[in-house]
Amino acid sequence: MHLSPRLVLLLILPPLLWAGNAVFARLAINSIGPLWLNALRWGLALLILLPLGWKVLATAEARARIGARWVHLGTLGLIGVGAYNGLQYVALRTSTPLNVTLIAASLPLWSMIVGALFYRVHPTRPQSFGAMLSLAGVLTVLSRGDPDVLLRIQPVEGDLLMVLAIIGWAVYSWMLARPPAHMSGAARPDWNWAEFLFAQCLFGVVIGFAAAGIGEAVAPSMTPDWNWRLVATIVFIAVGPSVIAYRSWGLAVAEAGPAMAAIFYNLTPLIAAVLSVLVIGEWPEAYHGLAFLLIVAGIFVASRRS
C-alpha cells in the first residue's frame, strides 16, 4: 500500500489529537470538574457540527427518523459521548495521560471479548494469544509494574475507570459495526458522517449535562476557575479530538483499512508520553515501555491469520 502524504496525515492526526486530549484535559481538571469539562466539550462540538448536521432536524420527517431510532442513537450517545469521555476525564484525576492512553490502546482486546460474548464472533487462536498479551500489558499498567500491587488489590482508581471506559467504547464500536435493522442498508437514513455524529451528540450532550448536574448535586466539584488556558483547552478538545479526529479517522480507515489504521492508532501512547514530558513534566517509567510492547505485540499477533 502506498502511503501518500495525505494518507499519512489522516492516519497521524487522530492519535495526535487524542493524545493531546488526555494531556490537556489533565491540566484542565485542575480548573473545572471533569464531568463539566466533558459536557462543555460536547456542547461546543454540537454547535460546531450544527452547520454540517442541521438537516437531521430540518423537517418533521427528518425529526421522525431520529424519533424512531432514539433508543439506538441514545445508547450511542450515552456510551460514546457521555460515558467514555466522562470516565476518561474523571480517571485523569488520579491517573496519568500515558496510563489512560495505554489502557485505551488495548481496545482490540475488549472488542474481541465483547464480540465473543454478545455477537457470537469467536476469536481464533492467534487472537486469543494476542488478547492474553494485551491483557498482560493492561495489568502491567494497573500494577505499575509490580505484581504485588494486583495481589493486594490496590490499583489506582483512575486506571480502573479507564478500563471501564474502554470496555464501553468496545461496545460502542460493535454497535456501529453491527447496527440494528433500522440502521442498516436501505432502512438507514441517508446521513453523512457529520449528520450521524450530530444525531448522536443530540442525545450525548443532554446525558453529559445531566451527569454533570447530578454529579454536582451528589458530590460538589470545584468552582470553575475561568482563564484563557481553560477556555483554549475546551475549544481544542471540542474541535480537535471531537470533530477533526473523528472525520480523519473515518477517512483513514476507509482508505488504508482497519489493520493499517490500528498500527497508527497505537502511536497515541507514544505521543502522550512526549506531550506529558513537554507540557506537564511527567516522565514515563520503565513499566510503561513494557506495557506498550505487550499491548502492541498482542495486537500484532491477533491480526495474523490462523
# chains A, B, ... in the order shown; residues from 1 in each chain; ligands from 1

call {"tool": "residues_around", "arguments": {"residues": "Arg26 (chain A)", "least_positions_apart": "5", "cutoff": "10 Å", "atoms": "only C-alpha atoms", "output": "list of chain:residue names"}}
result
A:Gly20, A:Asn21, A:Ser31, A:Pro34, A:Gln88, A:Tyr89, A:Val90, A:Ala91, A:Leu92, A:Arg93, A:Thr94, A:Ser95, A:Thr96, A:Pro97, A:Ser276, A:Ile280

call {"tool": "atom_distance", "arguments": {"atom1": "CA of Gly67 (chain A)", "atom2": "CA of His182 (chain A)"}}
result
11.9 Å

call {"tool": "closest_residue", "arguments": {"among": "A:Pro108, A:Gly86, A:Pro180, A:Gly115", "to": "Ala25 (chain A)", "atoms": "only C-alpha atoms"}}
result
A:Gly86

call {"tool": "select_by_dssp", "arguments": {"residues": "region 13-242 of chain A", "states": "alpha helix (DSSP H)", "output": "PyMOL selection string"}}
result
chain A and resi 13-28+34-53+60-68+70-76+84-91+97-104+107-118+125-143+147-151+157-177+193-218+228-239

call {"tool": "closest_residue", "arguments": {"among": "A:Val171, A:Leu133, A:Leu78, A:Leu102", "to": "Ala22 (chain A)", "atoms": "only C-alpha atoms"}}
result
A:Leu102

call {"tool": "residues_around", "arguments": {"residues": "Ser173 (chain A)", "least_positions_apart": "2", "cutoff": "12 Å", "atoms": "only C-alpha atoms", "output": "list in words"}}
result
Thr75, Leu76, Ile79, Gly80, Tyr84, Leu107, Pro108, Trp110, Ser111, Met112, Val114, Gly115, Ile166, Ile167, Gly168, Trp169, Ala170, Val171, Met175, Leu176, Ala177, Arg178 and Pro179 of chain A

call {"tool": "write_last_selection", "arguments": {"atoms": "N, CA and C atoms", "output": "mmCIF file, in the first residue's frame"}}
result
data_model
loop_
_atom_site.group_PDB
_atom_site.id
_atom_site.type_symbol
_atom_site.label_atom_id
_atom_site.label_comp_id
_atom_site.auth_asym_id
_atom_site.auth_seq_id
_atom_site.Cartn_x
_atom_site.Cartn_y
_atom_site.Cartn_z
ATOM 1 N N THR A 75 -28.379 5.302 23.023
ATOM 2 C CA THR A 75 -27.362 4.420 23.602
ATOM 3 C C THR A 75 -25.975 4.774 23.077
ATOM 4 N N LEU A 76 -25.893 5.072 21.781
ATOM 5 C CA LEU A 76 -24.615 5.511 21.214
ATOM 6 C C LEU A 76 -24.154 6.806 21.883
ATOM 7 N N ILE A 79 -22.974 6.018 25.565
ATOM 8 C CA ILE A 79 -21.688 5.335 25.692
ATOM 9 C C ILE A 79 -20.558 6.129 25.038
ATOM 10 N N GLY A 80 -20.769 6.542 23.785
ATOM 11 C CA GLY A 80 -19.679 7.142 23.019
ATOM 12 C C GLY A 80 -19.386 8.590 23.359
ATOM 13 N N TYR A 84 -17.908 7.409 27.887
ATOM 14 C CA TYR A 84 -16.488 7.192 27.589
ATOM 15 C C TYR A 84 -15.641 8.396 27.960
ATOM 16 N N LEU A 107 -7.925 -1.557 23.197
ATOM 17 C CA LEU A 107 -9.275 -1.672 22.642
ATOM 18 C C LEU A 107 -9.506 -2.983 21.882
ATOM 19 N N PRO A 108 -8.563 -3.453 21.029
ATOM 20 C CA PRO A 108 -8.819 -4.718 20.313
ATOM 21 C C PRO A 108 -9.115 -5.886 21.244
ATOM 22 N N TRP A 110 -10.671 -5.804 24.239
ATOM 23 C CA TRP A 110 -12.036 -5.703 24.743
ATOM 24 C C TRP A 110 -13.055 -5.872 23.617
ATOM 25 N N SER A 111 -12.702 -5.433 22.407
ATOM 26 C CA SER A 111 -13.595 -5.633 21.266
ATOM 27 C C SER A 111 -13.778 -7.122 20.989
ATOM 28 N N MET A 112 -12.693 -7.878 21.108
ATOM 29 C CA MET A 112 -12.764 -9.319 20.888
ATOM 30 C C MET A 112 -13.656 -9.976 21.939
ATOM 31 N N VAL A 114 -16.090 -8.538 23.780
ATOM 32 C CA VAL A 114 -17.477 -8.127 23.559
ATOM 33 C C VAL A 114 -18.069 -8.881 22.376
ATOM 34 N N GLY A 115 -17.280 -9.024 21.302
ATOM 35 C CA GLY A 115 -17.757 -9.755 20.131
ATOM 36 C C GLY A 115 -18.092 -11.201 20.448
ATOM 37 N N ILE A 166 -12.978 1.958 28.318
ATOM 38 C CA ILE A 166 -12.592 1.341 27.046
ATOM 39 C C ILE A 166 -13.456 0.119 26.757
ATOM 40 N N ILE A 167 -13.949 -0.559 27.799
ATOM 41 C CA ILE A 167 -14.913 -1.643 27.571
ATOM 42 C C ILE A 167 -16.195 -1.057 26.962
ATOM 43 N N GLY A 168 -16.628 0.093 27.496
ATOM 44 C CA GLY A 168 -17.790 0.763 26.930
ATOM 45 C C GLY A 168 -17.562 1.164 25.483
ATOM 46 N N TRP A 169 -16.351 1.626 25.178
ATOM 47 C CA TRP A 169 -16.041 2.029 23.799
ATOM 48 C C TRP A 169 -16.053 0.816 22.863
ATOM 49 N N ALA A 170 -15.651 -0.357 23.377
ATOM 50 C CA ALA A 170 -15.716 -1.579 22.571
ATOM 51 C C ALA A 170 -17.171 -1.910 22.233
ATOM 52 N N VAL A 171 -18.056 -1.749 23.219
ATOM 53 C CA VAL A 171 -19.486 -1.966 22.970
ATOM 54 C C VAL A 171 -19.987 -0.971 21.925
ATOM 55 N N MET A 175 -21.619 -1.704 18.225
ATOM 56 C CA MET A 175 -22.934 -1.185 17.858
ATOM 57 C C MET A 175 -22.885 -0.460 16.520
ATOM 58 N N LEU A 176 -21.758 0.175 16.230
ATOM 59 C CA LEU A 176 -21.602 0.814 14.923
ATOM 60 C C LEU A 176 -21.396 -0.223 13.825
ATOM 61 N N ALA A 177 -20.623 -1.267 14.144
ATOM 62 C CA ALA A 177 -20.325 -2.290 13.144
ATOM 63 C C ALA A 177 -21.506 -3.217 12.881
ATOM 64 N N ARG A 178 -22.326 -3.470 13.905
ATOM 65 C CA ARG A 178 -23.485 -4.358 13.778
ATOM 66 C C ARG A 178 -24.752 -3.616 14.188
ATOM 67 N N PRO A 179 -25.158 -2.644 13.376
ATOM 68 C CA PRO A 179 -26.337 -1.851 13.741
ATOM 69 C C PRO A 179 -27.614 -2.668 13.600
#

call {"tool": "residues_around", "arguments": {"residues": "Ile244 (chain A)", "least_positions_apart": "6", "cutoff": "9 Å", "atoms": "only C-alpha atoms", "output": "PDB file with N, CA, C and O atoms, in the first residue's frame"}}
result
ATOM      1  N   LEU A  13      -3.159  12.294  12.441  1.00  0.00           N
ATOM      2  CA  LEU A  13      -3.949  13.317  13.133  1.00  0.00           C
ATOM      3  C   LEU A  13      -4.755  12.760  14.311  1.00  0.00           C
ATOM      4  O   LEU A  13      -4.716  13.336  15.407  1.00  0.00           O
ATOM      5  N   PRO A  14      -5.508  11.660  14.146  1.00  0.00           N
ATOM      6  CA  PRO A  14      -6.312  11.178  15.286  1.00  0.00           C
ATOM      7  C   PRO A  14      -5.490  10.830  16.521  1.00  0.00           C
ATOM      8  O   PRO A  14      -5.813  11.315  17.617  1.00  0.00           O
ATOM      9  N   LEU A  17      -4.260  14.060  18.145  1.00  0.00           N
ATOM     10  CA  LEU A  17      -5.310  14.836  18.803  1.00  0.00           C
ATOM     11  C   LEU A  17      -5.840  14.116  20.038  1.00  0.00           C
ATOM     12  O   LEU A  17      -6.145  14.751  21.054  1.00  0.00           O
TER      13      LEU A  17
END

call {"tool": "closest_atom_pairs", "arguments": {"of": "region 71-110 of chain A", "to": "region 281-300 of chain A", "cutoff": "8 Å", "atoms": "only C-alpha atoms", "output": "CSV"}}
result
residue,atom,partner,partner_atom,distance
A:Leu98,CA,A:Pro284,CA,7.6
A:Asn99,CA,A:His288,CA,7.7
A:Leu102,CA,A:Phe292,CA,6.6
A:Ala105,CA,A:Ile295,CA,7.1
A:Ser106,CA,A:Ile295,CA,6.2
A:Pro108,CA,A:Ile299,CA,6.8
A:Leu109,CA,A:Ile299,CA,7.9

call {"tool": "write_last_selection", "arguments": {"atoms": "N, CA, C and O atoms", "output": "CSV table (one decimal), in the first residue's frame"}}
result
chain,number,residue,atom,x,y,z
A,98,LEU,N,-0.5,9.1,30.1
A,98,LEU,CA,0.1,7.9,29.5
A,98,LEU,C,-0.6,6.7,29.9
A,98,LEU,O,-0.8,5.8,29.0
A,99,ASN,N,-0.9,6.5,31.2
A,99,ASN,CA,-1.7,5.3,31.6
A,99,ASN,C,-3.0,5.2,30.8
A,99,ASN,O,-3.4,4.2,30.4
A,102,LEU,N,-2.5,4.2,27.2
A,102,LEU,CA,-2.0,2.8,27.1
A,102,LEU,C,-3.2,1.9,27.3
A,102,LEU,O,-3.3,0.9,26.6
A,105,ALA,N,-5.3,1.8,24.3
A,105,ALA,CA,-4.7,1.1,23.2
A,105,ALA,C,-5.0,-0.4,23.3
A,105,ALA,O,-4.8,-1.1,22.3
A,106,SER,N,-5.6,-0.9,24.4
A,106,SER,CA,-6.0,-2.3,24.5
A,106,SER,C,-7.4,-2.5,23.9
A,106,SER,O,-8.0,-3.6,24.1
A,108,PRO,N,-8.6,-3.5,21.0
A,108,PRO,CA,-8.8,-4.7,20.3
A,108,PRO,C,-9.1,-5.9,21.2
A,108,PRO,O,-9.9,-6.8,20.9
A,109,LEU,N,-8.5,-5.9,22.4
A,109,LEU,CA,-8.7,-7.0,23.4
A,109,LEU,C,-10.2,-7.0,23.8
A,109,LEU,O,-10.9,-8.0,23.8

call {"tool": "residues_around", "arguments": {"residues": "region 45-52 of chain A", "least_positions_apart": "6", "cutoff": "9 Å", "atoms": "only C-alpha atoms", "output": "number ranges by chain"}}
result
A: 194-195, 197-198, 201-202, 205, 235, 237-239, 242-243

call {"tool": "write_last_selection", "arguments": {"atoms": "all heavy atoms", "output": "compact mmCIF listing (two decimals), in the first residue's frame"}}
result
# COMPACT_ATOMS: atom_id res chain seq x y z
N ALA A 194 -21.14 13.76 9.41
CA ALA A 194 -21.42 14.86 10.33
C ALA A 194 -22.85 14.76 10.87
O ALA A 194 -23.10 15.01 12.05
CB ALA A 194 -21.20 16.20 9.63
N GLU A 195 -23.78 14.40 10.01
CA GLU A 195 -25.18 14.28 10.45
C GLU A 195 -25.35 13.13 11.43
O GLU A 195 -26.10 13.24 12.41
CB GLU A 195 -26.07 14.09 9.21
CG GLU A 195 -26.15 15.34 8.34
CD GLU A 195 -26.70 15.07 6.96
OE1 GLU A 195 -26.79 13.89 6.57
OE2 GLU A 195 -27.04 16.04 6.26
N LEU A 197 -22.97 11.89 13.45
CA LEU A 197 -22.34 12.31 14.71
C LEU A 197 -23.22 13.34 15.42
O LEU A 197 -23.36 13.29 16.65
CB LEU A 197 -20.95 12.87 14.43
CG LEU A 197 -20.15 13.34 15.66
CD1 LEU A 197 -19.99 12.21 16.68
CD2 LEU A 197 -18.78 13.87 15.24
N PHE A 198 -23.80 14.25 14.66
CA PHE A 198 -24.68 15.26 15.24
C PHE A 198 -25.88 14.60 15.92
O PHE A 198 -26.28 14.99 17.03
CB PHE A 198 -25.15 16.22 14.14
CG PHE A 198 -26.01 17.36 14.62
CD1 PHE A 198 -25.44 18.48 15.20
CD2 PHE A 198 -27.39 17.30 14.49
CE1 PHE A 198 -26.24 19.53 15.66
CE2 PHE A 198 -28.19 18.35 14.94
CZ PHE A 198 -27.60 19.46 15.52
N CYS A 201 -24.75 13.19 19.13
CA CYS A 201 -24.45 14.25 20.10
C CYS A 201 -25.70 14.88 20.69
O CYS A 201 -25.68 15.36 21.83
CB CYS A 201 -23.59 15.34 19.43
SG CYS A 201 -21.88 14.86 19.17
N LEU A 202 -26.79 14.89 19.92
CA LEU A 202 -28.03 15.44 20.46
C LEU A 202 -28.40 14.74 21.76
O LEU A 202 -28.85 15.38 22.73
CB LEU A 202 -29.16 15.27 19.44
CG LEU A 202 -29.13 16.16 18.20
CD1 LEU A 202 -30.21 15.74 17.22
CD2 LEU A 202 -29.30 17.63 18.58
N VAL A 205 -25.07 15.02 24.51
CA VAL A 205 -24.91 16.29 25.21
C VAL A 205 -25.91 16.40 26.36
O VAL A 205 -25.56 16.85 27.46
CB VAL A 205 -25.06 17.46 24.22
CG1 VAL A 205 -25.20 18.78 24.97
CG2 VAL A 205 -23.85 17.52 23.29
N VAL A 235 -11.99 24.64 23.79
CA VAL A 235 -12.11 24.83 22.35
C VAL A 235 -11.31 23.76 21.61
O VAL A 235 -11.79 23.16 20.63
CB VAL A 235 -11.64 26.24 21.94
CG1 VAL A 235 -11.56 26.37 20.42
CG2 VAL A 235 -12.57 27.31 22.52
N ILE A 237 -10.37 20.66 22.63
CA ILE A 237 -10.91 19.30 22.70
C ILE A 237 -12.27 19.18 22.01
O ILE A 237 -12.68 18.08 21.63
CB ILE A 237 -11.00 18.80 24.16
CG1 ILE A 237 -11.94 19.65 25.00
CG2 ILE A 237 -9.61 18.75 24.80
CD1 ILE A 237 -12.10 19.16 26.43
N ALA A 238 -12.97 20.31 21.84
CA ALA A 238 -14.23 20.27 21.11
C ALA A 238 -14.00 20.21 19.61
O ALA A 238 -14.73 19.52 18.89
CB ALA A 238 -15.07 21.51 21.45
N VAL A 239 -12.97 20.91 19.13
CA VAL A 239 -12.70 20.96 17.69
C VAL A 239 -11.82 19.78 17.25
O VAL A 239 -12.14 19.07 16.29
CB VAL A 239 -12.02 22.28 17.31
CG1 VAL A 239 -11.65 22.29 15.83
CG2 VAL A 239 -12.93 23.46 17.63
N SER A 242 -12.83 15.88 19.00
CA SER A 242 -14.25 15.56 18.83
C SER A 242 -14.70 15.59 17.38
O SER A 242 -15.56 14.80 16.98
CB SER A 242 -15.11 16.55 19.63
OG SER A 242 -14.71 16.58 20.98
N VAL A 243 -14.16 16.49 16.56
CA VAL A 243 -14.65 16.65 15.18
C VAL A 243 -13.58 16.26 14.16
O VAL A 243 -13.78 15.37 13.33
CB VAL A 243 -15.13 18.10 14.93
CG1 VAL A 243 -15.61 18.25 13.49
CG2 VAL A 243 -16.25 18.46 15.90

call {"tool": "residues_around", "arguments": {"residues": "Thr101 (chain A)", "least_positions_apart": "6", "cutoff": "8 Å", "atoms": "only C-alpha atoms", "output": "PyMOL selection string"}}
result
chain A and resi 19+22+268-269+272

call {"tool": "atom_distance", "arguments": {"atom1": "CA of Val138 (chain A)", "atom2": "CA of Val253 (chain A)"}}
result
25.0 Å

call {"tool": "atom_distance", "arguments": {"atom1": "CA of Ala64 (chain A)", "atom2": "CA of Trp42 (chain A)"}}
result
23.5 Å
